[in-house]
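Note: the block below is data26.tsv and it holds TSV, C-alpha atoms and all ligand atoms.
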```tsv
chain	number	residue	atom	x	y	z
A	71	ASN	CA	3.30	-9.66	-22.91
A	72	GLU	CA	6.02	-12.27	-22.47
A	73	TYR	CA	7.46	-10.87	-19.25
A	74	GLU	CA	4.06	-10.71	-17.60
A	75	SER	CA	3.19	-14.30	-18.49
A	76	TYR	CA	6.61	-15.39	-17.25
A	77	ILE	CA	5.98	-13.66	-13.91
A	78	SER	CA	2.50	-15.11	-13.77
A	79	GLN	CA	3.85	-18.67	-14.27
A	80	LEU	CA	6.43	-18.10	-11.57
A	81	THR	CA	3.96	-16.75	-9.08
A	82	ARG	CA	0.59	-18.44	-9.64
A	83	TYR	CA	-0.79	-21.95	-9.50
A	84	SER	CA	-3.47	-22.68	-12.08
A	85	ASP	CA	-6.21	-22.02	-9.51
A	86	GLY	CA	-4.92	-18.48	-8.89
A	87	THR	CA	-3.36	-19.22	-5.50
A	88	VAL	CA	-0.06	-17.52	-4.73
A	89	LYS	CA	3.11	-19.50	-5.47
A	90	LEU	CA	6.15	-18.52	-3.43
A	91	ARG	CA	9.37	-17.75	-5.23
A	92	ASN	CA	11.30	-19.24	-2.36
A	93	SER	CA	11.61	-23.02	-2.18
A	94	ASN	CA	13.02	-22.84	1.36
A	95	ILE	CA	9.60	-22.15	2.83
A	96	GLU	CA	7.91	-25.43	1.91
A	97	LEU	CA	10.85	-27.34	3.36
A	98	MET	CA	10.39	-25.77	6.77
A	99	ASP	CA	8.38	-27.55	9.50
A	100	GLN	CA	6.70	-24.28	10.29
A	101	ASP	CA	6.91	-20.69	9.18
A	102	ILE	CA	6.50	-18.08	11.87
A	103	LEU	CA	5.15	-14.76	10.63
A	104	TYR	CA	6.80	-13.09	13.58
A	105	HIS	CA	5.66	-9.50	13.02
A	106	LEU	CA	2.04	-10.57	12.48
A	107	ALA	CA	1.96	-12.83	15.54
A	108	LEU	CA	0.86	-15.75	13.32
A	109	GLY	CA	2.40	-19.08	12.33
A	110	SER	CA	1.75	-21.74	9.72
A	111	GLU	CA	1.50	-24.48	12.39
A	112	SER	CA	0.18	-22.53	15.37
A	113	HIS	CA	-2.76	-21.19	13.32
A	114	ASP	CA	-5.08	-22.71	10.74
A	115	LEU	CA	-4.24	-20.05	8.19
A	116	ILE	CA	-6.39	-21.57	5.44
A	117	GLU	CA	-9.40	-21.50	7.75
A	118	MET	CA	-8.60	-18.01	9.03
A	119	PHE	CA	-7.62	-16.29	5.78
A	120	GLY	CA	-8.45	-18.58	2.84
A	121	ASP	CA	-11.32	-16.35	1.67
A	122	VAL	CA	-9.28	-13.10	1.57
A	123	LYS	CA	-9.55	-11.22	-1.74
A	124	PHE	CA	-8.57	-7.67	-0.84
A	125	VAL	CA	-5.60	-6.72	1.28
A	126	CYS	CA	-5.81	-3.04	2.17
A	127	MET	CA	-2.84	-1.43	3.84
A	128	GLY	CA	-2.24	1.98	5.31
A	129	GLY	CA	0.21	3.63	7.67
A	130	THR	CA	-1.54	3.83	11.01
A	131	PRO	CA	-3.32	1.18	13.12
A	132	LYS	CA	-6.19	3.57	13.89
A	133	ARG	CA	-6.88	4.42	10.24
A	134	MET	CA	-6.94	0.74	9.34
A	135	GLU	CA	-9.25	-0.06	12.25
A	136	ASN	CA	-11.56	2.73	11.05
A	137	PHE	CA	-11.34	1.36	7.54
A	138	ALA	CA	-12.30	-2.11	8.79
A	139	HIS	CA	-15.43	-0.72	10.47
A	140	PHE	CA	-16.23	1.40	7.44
A	141	ILE	CA	-15.90	-1.46	4.95
A	142	MET	CA	-17.90	-3.76	7.22
A	143	ASN	CA	-20.80	-1.33	6.97
A	144	GLU	CA	-20.27	-0.77	3.22
A	145	ILE	CA	-20.34	-4.44	2.24
A	146	GLY	CA	-22.99	-5.29	4.84
A	147	TYR	CA	-20.79	-7.81	6.60
A	148	LYS	CA	-22.19	-9.07	9.89
A	149	LEU	CA	-19.95	-10.26	12.68
A	150	PRO	CA	-21.24	-13.25	14.64
A	151	ALA	CA	-23.61	-12.04	17.37
A	152	GLY	CA	-21.83	-10.81	20.48
A	153	THR	CA	-18.43	-10.56	18.81
A	154	GLN	CA	-16.34	-7.53	17.92
A	155	LEU	CA	-13.64	-6.78	15.38
A	156	GLN	CA	-10.32	-7.87	16.79
A	157	ASP	CA	-6.78	-6.86	16.04
A	158	ILE	CA	-5.44	-10.23	14.85
A	159	SER	CA	-1.83	-9.08	15.17
A	160	ALA	CA	-2.25	-7.30	18.53
A	161	TYR	CA	0.38	-9.46	20.21
A	162	SER	CA	3.03	-8.56	17.67
A	163	TYR	CA	2.95	-5.01	19.08
A	164	ARG	CA	4.14	-4.03	15.59
A	165	TYR	CA	1.34	-4.04	13.03
A	166	SER	CA	-2.44	-4.22	13.35
A	167	MET	CA	-4.65	-6.46	11.23
A	168	TYR	CA	-8.45	-6.66	11.00
A	169	LYS	CA	-10.46	-9.08	8.89
A	170	VAL	CA	-13.90	-8.28	7.52
A	171	GLY	CA	-14.98	-11.21	5.34
A	172	PRO	CA	-12.89	-11.03	2.16
A	173	VAL	CA	-11.15	-7.82	3.25
A	174	LEU	CA	-8.00	-7.57	5.34
A	175	ALA	CA	-7.09	-4.16	6.75
A	176	VAL	CA	-3.47	-4.00	7.85
A	177	SER	CA	-1.29	-1.16	9.13
A	178	HIS	CA	2.18	-0.93	7.58
A	179	GLY	CA	3.89	1.84	9.53
A	180	MET	CA	6.01	4.51	7.88
A	181	GLY	CA	8.63	4.07	5.24
A	182	THR	CA	10.35	1.31	3.31
A	183	PRO	CA	11.80	-0.94	6.02
A	184	SER	CA	8.49	-1.19	7.85
A	185	VAL	CA	6.53	-1.89	4.66
A	186	SER	CA	9.14	-4.36	3.43
A	187	ILE	CA	8.93	-6.57	6.51
A	188	LEU	CA	5.15	-6.54	6.39
A	189	MET	CA	5.04	-7.33	2.66
A	190	HIS	CA	7.23	-10.41	3.03
A	191	GLU	CA	4.92	-11.74	5.72
A	192	MET	CA	1.69	-10.74	3.93
A	193	ILE	CA	2.81	-12.46	0.71
A	194	LYS	CA	3.70	-15.58	2.71
A	195	LEU	CA	0.35	-15.30	4.49
A	196	MET	CA	-1.39	-15.35	1.09
A	197	TYR	CA	0.60	-18.45	0.16
A	198	HIS	CA	0.00	-20.36	3.41
A	199	SER	CA	-3.69	-19.42	3.35
A	200	ARG	CA	-4.09	-20.42	-0.33
A	201	CYS	CA	-5.79	-17.13	-1.16
A	202	GLU	CA	-6.89	-16.92	-4.78
A	203	ASP	CA	-5.87	-13.86	-6.80
A	204	PRO	CA	-5.65	-11.43	-3.88
A	205	VAL	CA	-5.40	-7.73	-4.73
A	206	PHE	CA	-3.22	-5.46	-2.57
A	207	ILE	CA	-4.14	-1.80	-2.19
A	208	ARG	CA	-2.22	0.81	-0.25
A	209	ILE	CA	-4.46	3.56	1.14
A	210	GLY	CA	-2.17	6.36	2.21
A	211	THR	CA	-1.36	10.02	2.60
A	212	CYS	CA	1.12	12.10	0.63
A	213	GLY	CA	2.33	15.56	-0.16
A	214	GLY	CA	0.96	16.89	-3.44
A	215	ILE	CA	2.94	18.78	-6.08
A	216	GLY	CA	0.73	21.40	-7.66
A	217	ILE	CA	-2.46	19.78	-6.40
A	218	ASP	CA	-4.72	20.93	-3.55
A	219	GLY	CA	-4.88	19.23	-0.20
A	220	GLY	CA	-7.70	16.69	-0.29
A	221	THR	CA	-6.95	15.58	-3.85
A	222	VAL	CA	-6.86	11.81	-4.30
A	223	VAL	CA	-3.94	10.41	-6.31
A	224	ILE	CA	-3.91	6.95	-7.87
A	225	THR	CA	-0.29	6.04	-8.61
A	226	GLU	CA	0.45	5.19	-12.19
A	227	GLU	CA	4.14	4.48	-11.66
A	228	ALA	CA	6.33	4.77	-8.59
A	229	TYR	CA	9.78	6.39	-8.73
A	230	ASP	CA	12.62	6.39	-6.23
A	231	ALA	CA	14.35	9.58	-5.08
A	232	GLN	CA	16.73	9.34	-8.04
A	233	LEU	CA	13.74	9.17	-10.39
A	234	ARG	CA	14.24	5.51	-11.25
A	235	PRO	CA	11.05	3.44	-11.74
A	236	SER	CA	12.32	0.74	-9.41
A	237	HIS	CA	13.12	-0.07	-5.83
A	238	GLU	CA	16.75	-0.47	-4.83
A	239	PHE	CA	17.49	-3.38	-2.51
A	240	THR	CA	20.78	-4.26	-0.87
A	241	ILE	CA	20.93	-8.06	-0.67
A	242	LEU	CA	24.12	-9.73	0.63
A	243	GLY	CA	25.82	-6.40	0.21
A	244	LYS	CA	24.87	-6.17	-3.46
A	245	THR	CA	22.57	-3.66	-5.08
A	246	VAL	CA	19.52	-5.17	-6.75
A	247	HIS	CA	16.76	-3.26	-8.56
A	248	ARG	CA	13.24	-4.57	-8.94
A	249	PRO	CA	10.71	-2.72	-11.11
A	250	ALA	CA	8.22	-0.70	-9.08
A	251	LYS	CA	5.29	-1.64	-11.31
A	252	LEU	CA	1.66	-1.34	-10.39
A	253	ASP	CA	-1.34	-2.68	-12.26
A	254	LYS	CA	-2.26	-0.01	-14.85
A	255	LYS	CA	-5.62	-1.58	-15.55
A	256	LEU	CA	-6.51	-1.57	-11.87
A	257	ALA	CA	-5.46	2.10	-11.64
A	258	ARG	CA	-7.81	2.96	-14.53
A	259	GLU	CA	-10.60	0.87	-13.02
A	260	LEU	CA	-10.22	2.77	-9.73
A	261	LYS	CA	-10.15	6.11	-11.52
A	262	ALA	CA	-13.36	5.20	-13.33
A	263	LEU	CA	-15.02	4.72	-9.94
A	264	SER	CA	-14.32	8.29	-8.88
A	265	GLY	CA	-17.56	10.18	-9.33
A	266	ASP	CA	-18.19	13.51	-10.99
A	267	GLU	CA	-20.28	14.24	-7.87
A	268	ASP	CA	-17.25	13.85	-5.59
A	269	PRO	CA	-16.42	17.29	-4.17
A	270	TYR	CA	-12.70	16.72	-4.86
A	271	ASP	CA	-10.46	15.59	-7.71
A	272	THR	CA	-9.18	12.07	-8.18
A	273	ILE	CA	-6.24	11.89	-10.56
A	274	ILE	CA	-3.80	9.32	-11.92
A	275	GLY	CA	-0.15	10.34	-11.82
A	276	LYS	CA	3.40	9.43	-11.02
A	277	THR	CA	4.50	9.15	-7.41
A	278	LEU	CA	7.90	9.86	-5.88
A	279	CYS	CA	8.95	7.62	-3.00
A	280	THR	CA	11.60	8.90	-0.59
A	281	ASN	CA	13.32	7.53	2.51
A	282	ASP	CA	12.63	10.59	4.61
A	283	PHE	CA	9.86	13.10	5.24
A	284	TYR	CA	12.03	16.20	5.78
A	285	GLU	CA	15.32	16.65	3.91
A	286	GLY	CA	14.45	13.68	1.69
A	287	GLN	CA	11.31	15.47	0.47
A	288	GLY	CA	12.98	18.86	0.14
A	289	ARG	CA	11.36	20.34	3.23
A	290	LEU	CA	12.78	23.49	4.73
A	291	ASP	CA	11.40	22.72	8.20
A	292	GLY	CA	13.37	19.68	9.40
A	293	ALA	CA	15.94	19.71	12.20
A	294	PHE	CA	18.45	20.35	9.44
A	295	CYS	CA	18.26	22.11	6.11
A	296	GLU	CA	21.34	22.81	4.04
A	297	PHE	CA	19.67	23.95	0.82
A	298	SER	CA	17.85	27.14	-0.10
A	299	GLU	CA	14.18	27.71	-0.75
A	300	GLN	CA	15.11	28.23	-4.41
A	301	ASP	CA	16.86	24.81	-4.48
A	302	LYS	CA	13.71	23.26	-3.04
A	303	MET	CA	11.42	24.91	-5.57
A	304	ASP	CA	13.73	23.95	-8.46
A	305	TYR	CA	13.62	20.35	-7.28
A	306	LEU	CA	9.83	20.25	-6.93
A	307	ASN	CA	9.47	21.85	-10.36
A	308	THR	CA	11.80	19.23	-11.86
A	309	LEU	CA	9.65	16.51	-10.31
A	310	SER	CA	6.56	18.16	-11.72
A	311	GLU	CA	8.13	18.30	-15.21
A	312	HIS	CA	8.61	14.53	-14.94
A	313	GLY	CA	4.88	14.10	-14.34
A	314	ILE	CA	5.23	13.50	-10.63
A	315	VAL	CA	2.16	14.69	-8.74
A	316	ASN	CA	2.82	13.43	-5.23
A	317	ILE	CA	5.49	12.33	-2.75
A	318	GLU	CA	5.23	9.62	-0.12
A	319	MET	CA	7.46	6.97	1.43
A	320	GLU	CA	6.10	3.52	0.58
A	321	SER	CA	5.11	3.22	-3.07
A	322	THR	CA	8.29	1.76	-4.61
A	323	ILE	CA	8.73	-1.03	-2.08
A	324	PHE	CA	5.00	-1.81	-2.17
A	325	ALA	CA	4.99	-1.89	-5.98
A	326	ALA	CA	8.27	-3.78	-6.31
A	327	LEU	CA	7.36	-6.58	-3.90
A	328	THR	CA	3.78	-7.06	-5.13
A	329	HIS	CA	5.03	-7.11	-8.71
A	330	HIS	CA	7.78	-9.59	-7.85
A	331	ALA	CA	5.12	-11.78	-6.25
A	332	GLY	CA	2.76	-11.43	-9.22
A	333	ILE	CA	0.14	-9.77	-7.04
A	334	LYS	CA	-2.13	-7.13	-8.57
A	335	ALA	CA	-1.65	-3.88	-6.67
A	336	ALA	CA	-2.59	-0.21	-6.50
A	337	VAL	CA	-1.56	2.81	-4.44
A	338	ILE	CA	-4.14	5.49	-3.61
A	339	CYS	CA	-3.12	8.45	-1.49
A	340	VAL	CA	-4.80	11.63	-0.43
A	341	ALA	CA	-2.66	14.78	-0.51
A	342	LEU	CA	-2.42	16.47	2.89
A	343	LEU	CA	-1.01	19.67	1.39
A	344	ASN	CA	0.33	21.20	-1.78
A	345	ARG	CA	4.10	21.24	-1.36
A	346	LEU	CA	4.41	24.19	-3.75
A	347	ASN	CA	2.70	26.24	-1.02
A	348	GLY	CA	4.53	24.98	2.05
A	349	ASP	CA	5.95	22.17	4.11
A	350	GLN	CA	3.97	22.00	7.34
A	351	VAL	CA	0.98	19.71	7.61
A	352	ASN	CA	-1.35	22.20	9.27
A	353	SER	CA	-4.92	21.65	8.12
A	354	PRO	CA	-7.42	21.20	10.97
A	355	LYS	CA	-7.59	17.60	12.12
A	356	GLU	CA	-11.30	17.26	11.27
A	357	VAL	CA	-10.51	18.34	7.72
A	358	MET	CA	-7.65	15.86	7.42
A	359	HIS	CA	-9.80	13.13	8.87
A	360	GLU	CA	-12.40	13.74	6.18
A	361	TRP	CA	-9.70	13.79	3.48
A	362	GLN	CA	-8.39	10.42	4.64
A	363	GLN	CA	-11.85	8.90	4.10
A	364	ARG	CA	-11.59	9.67	0.39
A	365	PRO	CA	-9.22	6.89	-0.71
A	366	GLN	CA	-11.22	4.53	1.53
A	367	GLU	CA	-14.42	5.51	-0.26
A	368	LEU	CA	-12.82	4.72	-3.62
A	369	VAL	CA	-11.55	1.37	-2.41
A	370	SER	CA	-14.99	0.59	-1.04
A	371	ARG	CA	-16.58	1.27	-4.44
A	372	TYR	CA	-14.03	-1.06	-6.02
A	373	ILE	CA	-14.57	-3.85	-3.50
A	374	LYS	CA	-18.35	-3.60	-3.81
A	375	LYS	CA	-18.09	-3.69	-7.59
A	376	VAL	CA	-15.88	-6.79	-7.58
A	377	LEU	CA	-18.04	-8.56	-5.00
A	378	ALA	CA	-21.16	-7.82	-7.04
A	379	GLN	CA	-19.59	-9.56	-10.05
A	380	LYS	CA	-19.15	-12.80	-8.13
A	401	LIG	N1	3.50	11.47	3.65
A	401	LIG	C1	4.70	11.91	3.12
A	401	LIG	N2	4.84	13.22	2.82
A	401	LIG	C2	3.88	14.14	3.03
A	401	LIG	C3	2.66	13.71	3.58
A	401	LIG	C4	2.49	12.37	3.87
A	401	LIG	O1	5.65	11.14	2.94
A	401	LIG	O2	4.09	15.33	2.74
A	401	LIG	C5	3.22	10.06	3.96
A	401	LIG	C6	4.29	9.01	3.90
A	401	LIG	C7	4.58	8.60	5.34
A	401	LIG	C8	3.78	9.55	6.19
A	401	LIG	O3	4.11	7.29	5.59
A	401	LIG	O4	2.76	10.03	5.32
A	401	LIG	C9	4.58	10.68	6.77
A	401	LIG	O5	3.75	11.61	7.38
```

Produce structure tokens that represent the structure in this file.
Amino acid sequence: NEYESYISQLTRYSDGTVKLRNSNIELMDQDILYHLALGSESHDLIEMFGDVKFVCMGGTPKRMENFAHFIMNEIGYKLPAGTQLQDISAYSYRYSMYKVGPVLAVSHGMGTPSVSILMHEMIKLMYHSRCEDPVFIRIGTCGGIGIDGGTVVITEEAYDAQLRPSHEFTILGKTVHRPAKLDKKLARELKALSGDEDPYDTIIGKTLCTNDFYEGQGRLDGAFCEFSEQDKMDYLNTLSEHGIVNIEMESTIFAALTHHAGIKAAVICVALLNRLNGDQVNSPKEVMHEWQQRPQELVSRYIKKVLAQK
């Protein structure tokens, strides 16, 4: 449609490389990506990252390091003899980043502010590196609503805590909303890669994004709780009536900034529990570890499929 082609003109050069919607950047002598420990002059970003096609993000450094090793094996990528995977952003002491051929695995921390800072720098990294048509995928965890722990959820649309399909920014003291849109086609493509043989469900649904894990997600077990169990259940049921199947803390900012940048994006989270049954995350750690492989497995199938088409 018209809006999409407008966004695409704003955000893409004809060769598919990322255009920045900020003319200040090209006027600067150098651009320091402070929280990644990279810079446009200190590093040859085109040489380092020019071939990146898939940017996979998740909360913790360890999970993303595991993902990097996993995807290396899956796509049969060989590191030069005698070398090891390295955390490219180690000296930021903020985020971790691993590169495996066309795949970047980056940790984004918890919640909106952390993801927001990273997204600005990752989008600029795509621009400086002249990456062509990169796809961003968040691989995360969430609380399910009416779904079992271990279920994989592909986000169809992200909603803020007031059930608006957008992310609210405060810029120069003013409130700005940007649509929290994800690529519907990509979501369907990912869903199609979930196998009938998988011993768990993979579903597409709406995701609620909150600014807190406890009171913000209607938990009864935070340091404070000034609502009743009935209030909590009423709230979760209202969410469910709106088609919301899971709750996490990053989807609206991730969707809003990728969409604003014209970057194709998806959010895939595994549910760690069914919030209709409780609030504590108490499954054995081996079980949760296995569950967290599930979104990675789906992303791997997608990456292998795209690479095979090239
Ligand atoms: N998360 C939630 N709620 C849950 C389970 C997981 O927000 O019930 C996600 C988002 C956040 C981190 O990054 O995991 C909090 O544990």

Mind checking which residues fall within 9 Å of range 337-347 of chain A, counting only C-alpha atoms, ignoring those fewer than 5 positions away in the same chain, and posting them as a PyMOL selection string? chain A and resi 206-226+252+257+272+289+303+306-307+316-318+321+324-325+352-353+358+361-366+368-369

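Residues in contact with Ile95 in chain A at up to 12 Å, not including ones fewer than 3 positions away on its chain and judged by all atoms listed in the file, are Lys89, Leu90, Arg91, Asn92, Met98, Asp99, Gln100, Asp101, Ile102, Leu103, Ser110, His190, Glu191, Lys194, Leu195, Tyr197 and His198 of chain A.
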
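If you look at CA of Tyr229 in chain A and CA of Ser370 in chain A, they are 26.6 Å away from each other.
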
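Nearest to Ser78 in chain A of all the residues A:His329, A:Lys276, A:Lys302, A:His139 is A:His329, counting only C-alpha atoms.
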
From the list A:Leu108, A:Ile241, A:Ala231, A:Val125, which residue is nearest ligand LIG 401 (chain A) when using all atoms listed in the file? A:Ala231

Mind giving me the axis-aligned box for range 245-262 of chain A with 6 Å on every side, centre plus edges in Å to one decimal, as lines of an AutoDock Vina configuration file?
```
center_x = 4.6
center_y = 0.5
center_z = -10.3
size_x = 47.9
size_y = 23.3
size_z = 22.5
```
